[in-house]
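Participant: I have a structure here, written as structure tokens, and I will follow up with some questions on it.
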Amino acid sequence: MIFRQGEVHLFRLEEGEDLLQGIVAYCREAGIEQAVVSAIGAVRHPTIGAYDFAQAVYHRLTLEGDWELLALNGNVSSAEGVEGPFAHLHILLGGHDGSVRGGHLFSAEVRVAEVALHVLEGGPLRREPQSNGLLLWPTGEGGDER
Amino acid sequence: MIFRQGEVHLFRLEEGEDLLQGIVAYCREAGIEQAVVSAIGAVRHPTIGAYDFAQAVYHRLTLEGDWELLALNGNVSSAEGVEGPFAHLHILLGGHDGSVRGGHLFSAEVRVAEVALHVLEGGPLRREPQSNGLLLWPTGEGGDER
Amino acid sequence: MIFRQGEVHLFRLEEGEDLLQGIVAYCREAGIEQAVVSAIGAVRHPTIGAYDFAQAVYHRLTLEGDWELLALNGNVSSAEGVEGPFAHLHILLGGHDGSVRGGHLFSAEVRVAEVALHVLEGGPLRREPQSNGLLLWPTGEGGDER
């Protein structure tokens with residue numbers, strides 16, 4: 001789906017906020033329906049996951065302690081059956097020895113989070129339940145203009 | 001080189017498509033000549049590489065099975081001797097245990113790919129063969145306005 | 001803080017330049033006060049870090065040899081007591097075996113660096129010293145419009 005580039009929001013979440021919920025709450029309050037998201041900073045006790053397509057479930061993993069927030073990538077759109085903005089975000093985390101872990105973001109306590117939201121005007125772009133168990137946008141054969 | 005920010009395309013590739021070729025094909029069909037690219041999702045059997053500057057070759061590595069697509073970063077421009085849009089993309093992949101691998105993207109079968117293309121208006125920005133064996137844009141001493 | 005999306009600069013740094021200082025110098029010369037930054041390429045001998053909140057110091061680590069620049073994420077703004085643009089960047093690095101390391105970027109010698117700067121118009125957005133020892137933007141309770 002094709003959007004016009006809107007405003008860009010660059011802001012810091014509060015220490016102690018949840019990273020995922022903080023971004024969703026920011027979008028709700030600011031009336032942002034679609035955005036491309038990125039962030040850096042540091043988080044505590046992140047819970048990440050990887051999707052098992054055979055079993056149609058996420059494998060979840062909680063990492064203890066402090067981690068550098070090396071990258072947060074993804075988007076905000078909407079989803080059938082979900083009230084308000086829906087964020088789909090993947091995270092990369094750095095240990096104090098330079099090692100890296102990562103996955104689908106479920107939750108993480110913010111130490112520092114500098115978030116950039118590139119707001120997209122147009123839409124809506126809406127996720128729908130798929131046969132593989134995920135909430136996804138339609139592809140080209142579906143509802144977008146590709 | 002300085003560009004005007006154009007439209008932003010946010011879309012999902014089909015399951016089974018090649019990630020790199022799918023993005024190139026999308027740009028060709030949409031008439032996109034330059035873009036900043038990002039994506040998240042999941043892929044199968046990715047082939048990644050790292051450039052060996054001493055030997056002027058890429059070391060390639062194919063990873064078996066399913067991987068979270070934690071980040072895809074790079075750009076679309078054009079290249080001397082290459083028909084149509086040229087994508088240069090680096091990928092970060094997450095295993096089901098939270099481990100991370102990554103490199104230059106050669107190929108990967110899409111499970112899910114949510115792609116954001118920030119289209120850049122202006123240019124063209126064109127890669128040319130360099131003495132180190134790579135296809136690169138000119139630097140400031142070369143053709144751009146820096 | 002809310003910005004208007006300005007021009008997008010897509011350029012290549014010279015081989016041998018420092019990645020961090022090269023981006024800061026580019027912004028200074030181009031009069032860029034705020035930007036969202038991303039890059040891919042390859043670097044040598046990067047020095048990365050992770051912040052220790054208990055001791056209020058960065059743990060630093062220098063990695064020998066060549067690394068793929070898999071992702072560079074962050075922003076340019078300004079900081080109290082710092083002349084000119086201030087870049088806060090996190091880096092992800094790929095080894096020749098596909099392994100990944102990463103952290104806060106202190107320095108890295110450019111082999112190839114393709115940088116995208118999404119310039120933000122508005123501001124200024126200024127970092128100030130915090131009780132945790134870091135230079136950070138105010139949060140919503142502070143000076144931004146959230």
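By convention here, the chains of the structure tokens are called A, B, ... in the order presented, each chain's residues are numbered starting at 1, and ligands are numbered starting at 1 in the order presented.
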What residues in chain C lie within 9 Å of chain A, counting only C-alpha atoms, written as a JSON list (two decimals) with all heavy atoms, in the first residue's frame?
Facilitator:
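Once written, out07.json looks like this:
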[["chain", "number", "residue", "atom", "x", "y", "z"],
["C", 1, "MET", "N", 9.26, 14.87, 20.23],
["C", 1, "MET", "CA", 9.15, 16.11, 19.48],
["C", 1, "MET", "C", 8.77, 15.80, 18.03],
["C", 1, "MET", "O", 9.23, 14.82, 17.48],
["C", 1, "MET", "CB", 10.49, 16.85, 19.52],
["C", 1, "MET", "CG", 10.47, 18.21, 18.88],
["C", 1, "MET", "SD", 11.96, 19.16, 19.28],
["C", 1, "MET", "CE", 11.32, 20.32, 20.49],
["C", 2, "ILE", "N", 7.94, 16.66, 17.47],
["C", 2, "ILE", "CA", 7.40, 16.39, 16.13],
["C", 2, "ILE", "C", 8.15, 17.22, 15.09],
["C", 2, "ILE", "O", 8.31, 18.43, 15.25],
["C", 2, "ILE", "CB", 5.89, 16.71, 16.08],
["C", 2, "ILE", "CG1", 5.15, 15.88, 17.15],
["C", 2, "ILE", "CG2", 5.33, 16.45, 14.70],
["C", 2, "ILE", "CD1", 3.69, 16.23, 17.30],
["C", 3, "PHE", "N", 8.60, 16.55, 14.04],
["C", 3, "PHE", "CA", 9.37, 17.19, 12.98],
["C", 3, "PHE", "C", 8.68, 17.02, 11.64],
["C", 3, "PHE", "O", 7.93, 16.07, 11.43],
["C", 3, "PHE", "CB", 10.76, 16.55, 12.89],
["C", 3, "PHE", "CG", 11.59, 16.75, 14.12],
["C", 3, "PHE", "CD1", 11.56, 15.82, 15.14],
["C", 3, "PHE", "CD2", 12.38, 17.86, 14.26],
["C", 3, "PHE", "CE1", 12.31, 16.00, 16.29],
["C", 3, "PHE", "CE2", 13.15, 18.05, 15.40],
["C", 3, "PHE", "CZ", 13.11, 17.12, 16.42],
["C", 4, "ARG", "N", 9.02, 17.92, 10.72],
["C", 4, "ARG", "CA", 8.66, 17.71, 9.31],
["C", 4, "ARG", "C", 9.79, 16.92, 8.66],
["C", 4, "ARG", "O", 10.96, 17.17, 8.90],
["C", 4, "ARG", "CB", 8.52, 19.06, 8.59],
["C", 4, "ARG", "CG", 7.36, 19.92, 9.07],
["C", 4, "ARG", "CD", 7.29, 21.23, 8.31],
["C", 4, "ARG", "NE", 8.55, 21.99, 8.39],
["C", 4, "ARG", "CZ", 8.94, 22.68, 9.47],
["C", 4, "ARG", "NH1", 8.20, 22.72, 10.57],
["C", 4, "ARG", "NH2", 10.08, 23.35, 9.45],
["C", 5, "GLN", "N", 9.41, 15.95, 7.83],
["C", 5, "GLN", "CA", 10.41, 15.20, 7.07],
["C", 5, "GLN", "C", 11.05, 16.12, 6.05],
["C", 5, "GLN", "O", 10.34, 16.73, 5.25],
["C", 5, "GLN", "CB", 9.73, 14.02, 6.37],
["C", 5, "GLN", "CG", 10.60, 13.31, 5.36],
["C", 5, "GLN", "CD", 11.70, 12.52, 6.03],
["C", 5, "GLN", "OE1", 11.42, 11.67, 6.86],
["C", 5, "GLN", "NE2", 12.94, 12.81, 5.68],
["C", 36, "VAL", "N", 17.38, 11.12, 11.27],
["C", 36, "VAL", "CA", 17.36, 9.68, 11.58],
["C", 36, "VAL", "C", 18.40, 9.05, 10.66],
["C", 36, "VAL", "O", 18.43, 9.32, 9.46],
["C", 36, "VAL", "CB", 15.97, 9.06, 11.35],
["C", 36, "VAL", "CG1", 16.01, 7.56, 11.59],
["C", 36, "VAL", "CG2", 14.95, 9.73, 12.28],
["C", 48, "ILE", "N", 33.18, -0.78, 20.13],
["C", 48, "ILE", "CA", 31.78, -0.71, 20.53],
["C", 48, "ILE", "C", 31.69, -0.73, 22.06],
["C", 48, "ILE", "O", 32.68, -0.98, 22.74],
["C", 48, "ILE", "CB", 30.96, -1.88, 19.94],
["C", 48, "ILE", "CG1", 31.50, -3.23, 20.43],
["C", 48, "ILE", "CG2", 30.96, -1.79, 18.43],
["C", 48, "ILE", "CD1", 30.70, -4.43, 19.94],
["C", 49, "GLY", "N", 30.49, -0.44, 22.59],
["C", 49, "GLY", "CA", 30.34, -0.42, 24.03],
["C", 49, "GLY", "C", 28.94, -0.78, 24.47],
["C", 49, "GLY", "O", 28.01, -0.82, 23.66],
["C", 50, "ALA", "N", 28.83, -1.06, 25.77],
["C", 50, "ALA", "CA", 27.53, -1.29, 26.41],
["C", 50, "ALA", "C", 27.55, -0.50, 27.71],
["C", 50, "ALA", "O", 28.57, -0.49, 28.43],
["C", 50, "ALA", "CB", 27.29, -2.77, 26.68],
["C", 51, "TYR", "N", 26.44, 0.17, 28.02],
["C", 51, "TYR", "CA", 26.41, 1.04, 29.19],
["C", 51, "TYR", "C", 26.09, 0.23, 30.43],
["C", 51, "TYR", "O", 25.11, -0.53, 30.47],
["C", 51, "TYR", "CB", 25.37, 2.14, 29.01],
["C", 51, "TYR", "CG", 25.53, 3.27, 30.00],
["C", 51, "TYR", "CD1", 26.64, 4.11, 29.93],
["C", 51, "TYR", "CD2", 24.59, 3.48, 31.00],
["C", 51, "TYR", "CE1", 26.80, 5.14, 30.84],
["C", 51, "TYR", "CE2", 24.75, 4.52, 31.91],
["C", 51, "TYR", "CZ", 25.86, 5.35, 31.82],
["C", 51, "TYR", "OH", 26.02, 6.38, 32.72],
["C", 52, "ASP", "N", 26.90, 0.41, 31.46],
["C", 52, "ASP", "CA", 26.70, -0.22, 32.76],
["C", 52, "ASP", "C", 26.00, 0.80, 33.65],
["C", 52, "ASP", "O", 26.63, 1.75, 34.12],
["C", 52, "ASP", "CB", 28.06, -0.62, 33.32],
["C", 52, "ASP", "CG", 27.95, -1.36, 34.65],
["C", 52, "ASP", "OD1", 27.02, -1.05, 35.44],
["C", 52, "ASP", "OD2", 28.78, -2.24, 34.89],
["C", 53, "PHE", "N", 24.69, 0.61, 33.86],
["C", 53, "PHE", "CA", 23.91, 1.60, 34.62],
["C", 53, "PHE", "C", 24.31, 1.62, 36.09],
["C", 53, "PHE", "O", 24.22, 2.65, 36.74],
["C", 53, "PHE", "CB", 22.41, 1.32, 34.47],
["C", 53, "PHE", "CG", 21.86, 1.74, 33.13],
["C", 53, "PHE", "CD1", 21.94, 0.89, 32.04],
["C", 53, "PHE", "CD2", 21.30, 3.00, 32.96],
["C", 53, "PHE", "CE1", 21.45, 1.28, 30.80],
["C", 53, "PHE", "CE2", 20.80, 3.39, 31.73],
["C", 53, "PHE", "CZ", 20.88, 2.53, 30.64],
["C", 59, "HIS", "N", 31.28, -0.06, 29.07],
["C", 59, "HIS", "CA", 32.26, -1.11, 28.83],
["C", 59, "HIS", "C", 32.61, -1.07, 27.36],
["C", 59, "HIS", "O", 31.72, -1.19, 26.51],
["C", 59, "HIS", "CB", 31.69, -2.49, 29.19],
["C", 59, "HIS", "CG", 31.37, -2.63, 30.64],
["C", 59, "HIS", "ND1", 32.34, -2.61, 31.62],
["C", 59, "HIS", "CD2", 30.20, -2.77, 31.29],
["C", 59, "HIS", "CE1", 31.77, -2.75, 32.80],
["C", 59, "HIS", "NE2", 30.48, -2.84, 32.64],
["C", 60, "ARG", "N", 33.90, -0.92, 27.05],
["C", 60, "ARG", "CA", 34.32, -0.81, 25.65],
["C", 60, "ARG", "C", 35.03, -2.08, 25.19],
["C", 60, "ARG", "O", 35.69, -2.74, 25.98],
["C", 60, "ARG", "CB", 35.28, 0.38, 25.47],
["C", 60, "ARG", "CG", 34.60, 1.71, 25.64],
["C", 60, "ARG", "CD", 35.60, 2.84, 25.48],
["C", 60, "ARG", "NE", 35.00, 4.11, 25.83],
["C", 60, "ARG", "CZ", 35.08, 5.20, 25.07],
["C", 60, "ARG", "NH1", 35.76, 5.17, 23.95],
["C", 60, "ARG", "NH2", 34.50, 6.32, 25.46],
["C", 61, "LEU", "N", 34.94, -2.31, 23.90],
["C", 61, "LEU", "CA", 35.48, -3.52, 23.30],
["C", 61, "LEU", "C", 35.89, -3.19, 21.88],
["C", 61, "LEU", "O", 35.08, -2.65, 21.12],
["C", 61, "LEU", "CB", 34.36, -4.58, 23.29],
["C", 61, "LEU", "CG", 34.59, -5.92, 22.63],
["C", 61, "LEU", "CD1", 35.62, -6.73, 23.42],
["C", 61, "LEU", "CD2", 33.26, -6.69, 22.59],
["C", 71, "ALA", "N", 24.09, -3.19, 10.24],
["C", 71, "ALA", "CA", 23.09, -2.16, 10.51],
["C", 71, "ALA", "C", 23.74, -1.07, 11.35],
["C", 71, "ALA", "O", 24.56, -1.36, 12.23],
["C", 71, "ALA", "CB", 21.89, -2.73, 11.26],
["C", 72, "LEU", "N", 23.39, 0.16, 11.06],
["C", 72, "LEU", "CA", 23.74, 1.29, 11.90],
["C", 72, "LEU", "C", 22.44, 2.05, 12.10],
["C", 72, "LEU", "O", 21.77, 2.40, 11.12],
["C", 72, "LEU", "CB", 24.78, 2.19, 11.22],
["C", 72, "LEU", "CG", 25.30, 3.33, 12.07],
["C", 72, "LEU", "CD1", 26.24, 2.81, 13.15],
["C", 72, "LEU", "CD2", 26.06, 4.35, 11.19],
["C", 73, "ASN", "N", 22.06, 2.24, 13.36],
["C", 73, "ASN", "CA", 20.78, 2.86, 13.67],
["C", 73, "ASN", "C", 20.97, 3.95, 14.70],
["C", 73, "ASN", "O", 21.74, 3.78, 15.65],
["C", 73, "ASN", "CB", 19.81, 1.83, 14.29],
["C", 73, "ASN", "CG", 19.50, 0.71, 13.35],
["C", 73, "ASN", "OD1", 18.80, 0.89, 12.36],
["C", 73, "ASN", "ND2", 20.03, -0.47, 13.64],
["C", 74, "GLY", "N", 20.23, 5.03, 14.55],
["C", 74, "GLY", "CA", 20.27, 6.07, 15.56],
["C", 74, "GLY", "C", 19.86, 7.41, 15.00],
["C", 74, "GLY", "O", 19.10, 7.48, 14.04],
["C", 75, "ASN", "N", 20.40, 8.44, 15.62],
["C", 75, "ASN", "CA", 19.91, 9.77, 15.29],
["C", 75, "ASN", "C", 20.99, 10.82, 15.49],
["C", 75, "ASN", "O", 21.98, 10.59, 16.18],
["C", 75, "ASN", "CB", 18.69, 10.10, 16.16],
["C", 75, "ASN", "CG", 18.99, 9.92, 17.64],
["C", 75, "ASN", "OD1", 19.75, 10.72, 18.22],
["C", 75, "ASN", "ND2", 18.45, 8.88, 18.26],
["C", 88, "HIS", "N", 24.08, 9.77, 18.03],
["C", 88, "HIS", "CA", 23.97, 8.61, 18.92],
["C", 88, "HIS", "C", 23.62, 7.42, 18.04],
["C", 88, "HIS", "O", 22.53, 7.35, 17.50],
["C", 88, "HIS", "CB", 22.90, 8.85, 19.99],
["C", 88, "HIS", "CG", 22.78, 7.72, 20.96],
["C", 88, "HIS", "ND1", 21.66, 7.53, 21.74],
["C", 88, "HIS", "CD2", 23.64, 6.73, 21.30],
["C", 88, "HIS", "CE1", 21.85, 6.45, 22.52],
["C", 88, "HIS", "NE2", 23.04, 5.96, 22.26],
["C", 89, "LEU", "N", 24.58, 6.48, 17.93],
["C", 89, "LEU", "CA", 24.44, 5.40, 16.96],
["C", 89, "LEU", "C", 24.76, 4.05, 17.58],
["C", 89, "LEU", "O", 25.74, 3.92, 18.32],
["C", 89, "LEU", "CB", 25.39, 5.65, 15.78],
["C", 89, "LEU", "CG", 25.14, 6.94, 15.01],
["C", 89, "LEU", "CD1", 26.26, 7.20, 14.02],
["C", 89, "LEU", "CD2", 23.80, 6.90, 14.29],
["C", 90, "HIS", "N", 23.96, 3.06, 17.25],
["C", 90, "HIS", "CA", 24.23, 1.67, 17.64],
["C", 90, "HIS", "C", 24.51, 0.87, 16.38],
["C", 90, "HIS", "O", 23.93, 1.12, 15.33],
["C", 90, "HIS", "CB", 23.05, 1.09, 18.42],
["C", 90, "HIS", "CG", 22.96, 1.60, 19.82],
["C", 90, "HIS", "ND1", 22.11, 1.09, 20.77],
["C", 90, "HIS", "CD2", 23.66, 2.58, 20.47],
["C", 90, "HIS", "CE1", 22.28, 1.71, 21.92],
["C", 90, "HIS", "NE2", 23.20, 2.64, 21.77],
["C", 91, "ILE", "N", 25.44, -0.09, 16.51],
["C", 91, "ILE", "CA", 25.95, -0.80, 15.33],
["C", 91, "ILE", "C", 25.82, -2.30, 15.49],
["C", 91, "ILE", "O", 25.96, -2.84, 16.59],
["C", 91, "ILE", "CB", 27.43, -0.39, 15.08],
["C", 91, "ILE", "CG1", 27.91, -0.84, 13.70],
["C", 91, "ILE", "CG2", 28.34, -0.89, 16.18],
["C", 91, "ILE", "CD1", 29.25, -0.20, 13.30],
["C", 92, "LEU", "N", 25.56, -2.98, 14.37],
["C", 92, "LEU", "CA", 25.56, -4.45, 14.31],
["C", 92, "LEU", "C", 26.58, -4.89, 13.28],
["C", 92, "LEU", "O", 26.58, -4.38, 12.14],
["C", 92, "LEU", "CB", 24.17, -4.97, 13.98],
["C", 92, "LEU", "CG", 23.23, -4.85, 15.19],
["C", 92, "LEU", "CD1", 21.83, -4.53, 14.77],
["C", 92, "LEU", "CD2", 23.27, -6.14, 16.02],
["C", 100, "VAL", "N", 27.47, -12.51, 14.74],
["C", 100, "VAL", "CA", 27.10, -11.10, 14.86],
["C", 100, "VAL", "C", 27.50, -10.56, 16.23],
["C", 100, "VAL", "O", 27.32, -11.23, 17.26],
["C", 100, "VAL", "CB", 25.58, -10.91, 14.65],
["C", 100, "VAL", "CG1", 25.16, -9.47, 14.88],
["C", 100, "VAL", "CG2", 25.19, -11.35, 13.24],
["C", 101, "ARG", "N", 28.10, -9.38, 16.25],
["C", 101, "ARG", "CA", 28.40, -8.64, 17.47],
["C", 101, "ARG", "C", 27.80, -7.25, 17.33],
["C", 101, "ARG", "O", 27.53, -6.80, 16.21],
["C", 101, "ARG", "CB", 29.94, -8.51, 17.66],
["C", 101, "ARG", "CG", 30.71, -9.80, 17.50],
["C", 101, "ARG", "CD", 30.40, -10.80, 18.58],
["C", 101, "ARG", "NE", 30.86, -10.39, 19.89],
["C", 101, "ARG", "CZ", 32.11, -10.57, 20.35],
["C", 101, "ARG", "NH1", 33.01, -11.15, 19.58],
["C", 101, "ARG", "NH2", 32.45, -10.20, 21.57],
["C", 102, "GLY", "N", 27.68, -6.55, 18.46],
["C", 102, "GLY", "CA", 27.13, -5.21, 18.34],
["C", 102, "GLY", "C", 27.16, -4.43, 19.63],
["C", 102, "GLY", "O", 27.39, -4.99, 20.71],
["C", 103, "GLY", "N", 26.96, -3.11, 19.51],
["C", 103, "GLY", "CA", 26.95, -2.25, 20.67],
["C", 103, "GLY", "C", 26.81, -0.79, 20.27],
["C", 103, "GLY", "O", 26.52, -0.47, 19.11],
["C", 104, "HIS", "N", 27.00, 0.07, 21.26],
["C", 104, "HIS", "CA", 27.06, 1.52, 21.05],
["C", 104, "HIS", "C", 28.32, 1.81, 20.24],
["C", 104, "HIS", "O", 29.39, 1.30, 20.56],
["C", 104, "HIS", "CB", 27.11, 2.16, 22.45],
["C", 104, "HIS", "CG", 27.27, 3.63, 22.45],
["C", 104, "HIS", "ND1", 26.21, 4.48, 22.62],
["C", 104, "HIS", "CD2", 28.37, 4.41, 22.34],
["C", 104, "HIS", "CE1", 26.66, 5.73, 22.61],
["C", 104, "HIS", "NE2", 27.97, 5.71, 22.43],
["C", 120, "LEU", "N", 15.38, 15.94, 9.59],
["C", 120, "LEU", "CA", 14.16, 16.36, 10.28],
["C", 120, "LEU", "C", 14.18, 17.87, 10.46],
["C", 120, "LEU", "O", 15.13, 18.42, 11.01],
["C", 120, "LEU", "CB", 14.07, 15.67, 11.64],
["C", 120, "LEU", "CG", 14.19, 14.13, 11.62],
["C", 120, "LEU", "CD1", 14.02, 13.57, 13.02],
["C", 120, "LEU", "CD2", 13.20, 13.51, 10.65],
["C", 125, "LEU", "N", 16.18, 19.71, 19.09],
["C", 125, "LEU", "CA", 16.00, 18.65, 20.08],
["C", 125, "LEU", "C", 17.36, 18.48, 20.74],
["C", 125, "LEU", "O", 18.34, 18.12, 20.08],
["C", 125, "LEU", "CB", 15.56, 17.36, 19.38],
["C", 125, "LEU", "CG", 15.32, 16.14, 20.28],
["C", 125, "LEU", "CD1", 14.30, 16.42, 21.36],
["C", 125, "LEU", "CD2", 14.88, 14.95, 19.43],
["C", 136, "LEU", "N", 20.75, 12.85, 27.50],
["C", 136, "LEU", "CA", 19.49, 12.39, 26.89],
["C", 136, "LEU", "C", 18.55, 13.56, 26.64],
["C", 136, "LEU", "O", 18.62, 14.60, 27.28],
["C", 136, "LEU", "CB", 18.80, 11.38, 27.83],
["C", 136, "LEU", "CG", 19.57, 10.11, 28.14],
["C", 136, "LEU", "CD1", 18.82, 9.28, 29.17],
["C", 136, "LEU", "CD2", 19.85, 9.29, 26.89],
["C", 137, "TRP", "N", 17.62, 13.32, 25.71],
["C", 137, "TRP", "CA", 16.54, 14.28, 25.47],
["C", 137, "TRP", "C", 15.60, 14.27, 26.68],
["C", 137, "TRP", "O", 15.47, 13.28, 27.37],
["C", 137, "TRP", "CB", 15.71, 13.86, 24.25],
["C", 137, "TRP", "CG", 16.47, 13.62, 23.01],
["C", 137, "TRP", "CD1", 17.57, 14.29, 22.56],
["C", 137, "TRP", "CD2", 16.19, 12.61, 22.03],
["C", 137, "TRP", "NE1", 17.97, 13.76, 21.37],
["C", 137, "TRP", "CE2", 17.16, 12.74, 21.02],
["C", 137, "TRP", "CE3", 15.22, 11.63, 21.91],
["C", 137, "TRP", "CZ2", 17.18, 11.92, 19.89],
["C", 137, "TRP", "CZ3", 15.23, 10.80, 20.79],
["C", 137, "TRP", "CH2", 16.20, 10.95, 19.80],
["C", 138, "PRO", "N", 14.88, 15.38, 26.89],
["C", 138, "PRO", "CA", 13.78, 15.35, 27.87],
["C", 138, "PRO", "C", 12.71, 14.36, 27.40],
["C", 138, "PRO", "O", 12.57, 14.11, 26.21],
["C", 138, "PRO", "CB", 13.24, 16.78, 27.85],
["C", 138, "PRO", "CG", 13.75, 17.40, 26.60],
["C", 138, "PRO", "CD", 15.00, 16.68, 26.23],
["C", 139, "THR", "N", 11.97, 13.78, 28.36],
["C", 139, "THR", "CA", 10.84, 12.92, 27.98],
["C", 139, "THR", "C", 9.56, 13.74, 28.01],
["C", 139, "THR", "O", 9.59, 14.96, 28.15],
["C", 139, "THR", "CB", 10.69, 11.72, 28.93],
["C", 139, "THR", "OG1", 10.51, 12.22, 30.25],
["C", 139, "THR", "CG2", 11.90, 10.82, 28.87],
["C", 140, "GLY", "N", 8.42, 13.06, 27.90],
["C", 140, "GLY", "CA", 7.13, 13.75, 27.80],
["C", 140, "GLY", "C", 6.84, 14.70, 28.95],
["C", 140, "GLY", "O", 6.23, 15.74, 28.76],
["C", 141, "GLU", "N", 7.29, 14.35, 30.13],
["C", 141, "GLU", "CA", 7.12, 15.24, 31.28],
["C", 141, "GLU", "C", 7.99, 16.49, 31.12],
["C", 141, "GLU", "O", 7.82, 17.47, 31.81],
["C", 141, "GLU", "CB", 7.50, 14.54, 32.59],
["C", 141, "GLU", "CG", 6.40, 13.64, 33.12],
["C", 141, "GLU", "CD", 6.22, 12.39, 32.29],
["C", 141, "GLU", "OE1", 7.18, 11.64, 32.13],
["C", 141, "GLU", "OE2", 5.10, 12.19, 31.77],
["C", 144, "ASP", "N", 9.25, 18.05, 25.42],
["C", 144, "ASP", "CA", 8.67, 17.79, 24.10],
["C", 144, "ASP", "C", 7.15, 17.89, 24.14],
["C", 144, "ASP", "O", 6.53, 18.14, 25.17],
["C", 144, "ASP", "CB", 9.17, 16.47, 23.50],
["C", 144, "ASP", "CG", 8.56, 15.24, 24.14],
["C", 144, "ASP", "OD1", 7.56, 15.37, 24.85],
["C", 144, "ASP", "OD2", 9.10, 14.16, 23.91],
["C", 146, "ARG", "N", 4.86, 15.69, 23.55],
["C", 146, "ARG", "CA", 4.06, 14.49, 23.75],
["C", 146, "ARG", "C", 3.00, 14.72, 24.80],
["C", 146, "ARG", "O", 3.29, 15.26, 25.85],
["C", 146, "ARG", "CB", 4.96, 13.33, 24.20],
["C", 146, "ARG", "CG", 4.16, 12.07, 24.29],
["C", 146, "ARG", "CD", 5.01, 10.90, 24.69],
["C", 146, "ARG", "NE", 4.14, 9.82, 25.10],
["C", 146, "ARG", "CZ", 4.59, 8.70, 25.64],
["C", 146, "ARG", "NH1", 5.87, 8.54, 25.82],
["C", 146, "ARG", "NH2", 3.76, 7.78, 26.01]]
Participant: What residues in chain C get the DSSP label strand (DSSP E)? Please answer as JSON, numbers by chain.
Facilitator: {"C": [2, 3, 4, 5, 6, 7, 8, 9, 10, 11, 12, 13, 35, 36, 37, 38, 39, 40, 41, 42, 43, 44, 45, 46, 47, 48, 49, 50, 51, 52, 57, 58, 59, 60, 61, 62, 66, 67, 68, 69, 70, 71, 72, 73, 74, 75, 76, 77, 78, 79, 86, 87, 88, 89, 90, 91, 92, 93, 94, 100, 101, 102, 103, 104, 105, 106, 107, 108, 109, 110, 111, 112, 113, 114, 115, 116, 117, 118, 119, 120, 121, 126, 127, 128, 129, 135, 136]}
Participant: Quick one: residues within 10 Å of Arg28 (chain C), only C-alpha atoms counted, chain neighbours fewer than 5 positions away excluded, as a VMD selection string?
Facilitator: chain C and resid 22 to 23 33 83 to 86
